[in-house]
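J.: Below you will find the structure I want to go over with you.
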Amino acid sequence: MPQNQMLKQNKNSRTGCMKKGFFGCAFLFLFFFVMIIAIFLAVKLPEIDIPDDETEKNKYEIVTDSLTNEKVINSSFSWRFMDNNLRRRKYDLSFRLLEKDVKQAIDHIEQVSQMSYSELGIDFGTRSPDPVLEARIVWAEVYRQVYSNSIPQMKLIFKGFNKIFEEENFGSKDRVIFVVTFIQNIPYDRPGGVLDLFPPIGTLAYRFGDCDSKALLLYVILEKMNVDCAMLWSYKYKHAMLGVSVSRGGQFKSIKGKRYYFLETTYPGWQIGELPPEFKNKRFWFIDEIDSEANVYSEEDEELNSPDEEESNRELRPSPANP
């Protein structure tokens, strides 16, 4: 058979999609593709669990032991914490607080706001005090009163944190940073009222607090953890922070020969020893160990007794940070 005749015969003998041409093949491929997709969608695939430290959660509850059917306030918080081993986890922490304890603490704030100077143990004599010195002494006594009154209400809170530390196998550094980040992540808002101040248990119950309310809460907890603290606040900057006596670098204020490093509690992210740039002049910061019975006023603070006229007309209330 001639070669050209063989090619013609082979060409005419093609069958199937090759014989139908390109569009015939495309239709068949499209049909099979649609069928495969339909089968795939009809089959429920098993969920794939990919471990991720960011999504890992540890849940804890700190409860009050109440056998008298008293009213309880439930407060929950969530935040992320990275320990010394670089384990980053999300923590869900809830508190069950007795309503009567919270009410008593709030009532005490109101009582303190109505106290006279003599009831606070303050005596300026016959002279009219300088407004800066007055603010320094009065607020030191207010903070001292609130701190002392809060200790009995926080006993179960202390036990709850100790239980968490043991279960998480935290070292001393992790324990401190765990509590610091917890306080920093509590939402900021002003409590209102005459003193515009929450007691420590009030900040937990209402789930928010301002600069000195959150600093007081952290003060109470860290002191129970044997971390020496002091209260820092500024008449000029209208702000309050916590001072912690730890071995590290950074900005600090001294009292009685001890260094207390600035710790911003208002917002997350601030490290021990960091002082916000807008509050950087340490001369305008007061410091007091409010857990001490002695009233100690350093000579360094006495330098602040001559504010300018603009500062004298300001209110005496600490204000929030703006990091």
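Residues are named by chain letter and number: chains run A, B, ... in the order of the structure tokens, numbers start at 1 in each chain, and ligands are numbered from 1 in the order shown.
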Taking the DSSP secondary structure from the backbone, can you list the residues of segment 79-232 of chain A that are strand (DSSP E), as a list in words?

T.: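 Taking segment 79-232 of chain A and keeping strand (DSSP E) only, one gets Trp79, Arg80, Phe81, Met82, Arg88, Arg89, Lys90, Tyr91, Asp92, Leu93, Ser94, Phe95, Arg96, Leu97, Leu98, Cys229, Ala230, Met231 and Leu232 of chain A.
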
J.: Compile the contact shell of Ser76 of chain A as a PyMOL selection string: residues with an atom at most 8 Å away, counting only C-alpha atoms, same-chain residues fewer than 3 positions apart removed.

T.: chain A and resi 92-95+207

J.: Would you mind exporting C-alpha atoms of the selected residues as an mmCIF file, in the first residue's frame?

T.:
data_model
loop_
_atom_site.group_PDB
_atom_site.id
_atom_site.type_symbol
_atom_site.label_atom_id
_atom_site.label_comp_id
_atom_site.auth_asym_id
_atom_site.auth_seq_id
_atom_site.Cartn_x
_atom_site.Cartn_y
_atom_site.Cartn_z
ATOM 1 C CA ASP A 92 -8.509 33.133 80.786
ATOM 2 C CA LEU A 93 -8.785 34.152 84.421
ATOM 3 C CA SER A 94 -12.079 34.574 86.250
ATOM 4 C CA PHE A 95 -12.826 35.805 89.749
ATOM 5 C CA ARG A 207 -13.065 44.943 85.173
#

J.: Could you check how far atom CA of Glu110 of chain A sits from atom CA of Tyr143 of chain A, in Å to one decimal?

T.: 13.1 Å

J.: Which of these, A:Leu195, A:Val180, A:Leu216, A:Ile62, has the shortest distance to Leu97 of chain A once you count only C-alpha atoms?

T.: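 Once distances to Leu97 of chain A are computed over only C-alpha atoms, the minimum belongs to A:Ile62.
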
J.: Using only C-alpha atoms, determine which residues lie at most 9 Å from Arg80 of chain A, disregarding the query and same-chain residues fewer than 3 positions distant; provide the list as a list in words.

T.: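 Here the qualifying residues turn out to be Glu54, Arg88, Arg89, Lys90, Tyr91, Asp92, Thr181, Phe182 and Asn185 of chain A.
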
J.: So which one's closest to Gly160 of chain A, A:Leu120, A:Val179, A:His108, A:Asn69? Using only C-alpha atoms, please.

T.: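 Looking at the shortest contact to Gly160 of chain A, the residue is A:Val179.
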
J.: Near segment 222-234 of chain A, counting only C-alpha atoms, which residues have an atom at most 10 Å away, once you skip same-chain residues fewer than 6 positions from it, shown as a ChimeraX atom specification?

T.: /A:132,135-136,139-140,143-144,151,154-155,158,161-162,172,175-176,179-180,211-212,215-216,240-246,253-255,258-263,279,282-292,316-319

J.: Pick out the closest residue to Pro200 of chain A from this set: A:His239, A:Lys280, A:Lys214, A:Arg96. Count only C-alpha atoms.

T.: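 Closest candidate: A:Lys214.
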
J.: State, in Å with one decimal place, the distance from atom CA of Lys59 of chain A to atom CA of Ile157 of chain A.

T.: 15.5 Å

J.: Just to confirm, what's the straight-line distance from atom CA of Phe178 of chain A to atom CA of Asp101 of chain A in Å (one decimal)?

T.: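 Value for the atom CA of Phe178 of chain A-atom CA of Asp101 of chain A distance: 25.1 Å.
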
J.: Per DSSP on the backbone, filter segment 119-194 of chain A down to the residues in helix (DSSP H, G or I) and report them as a ChimeraX atom specification.

T.: /A:131-150,152-168,172-184
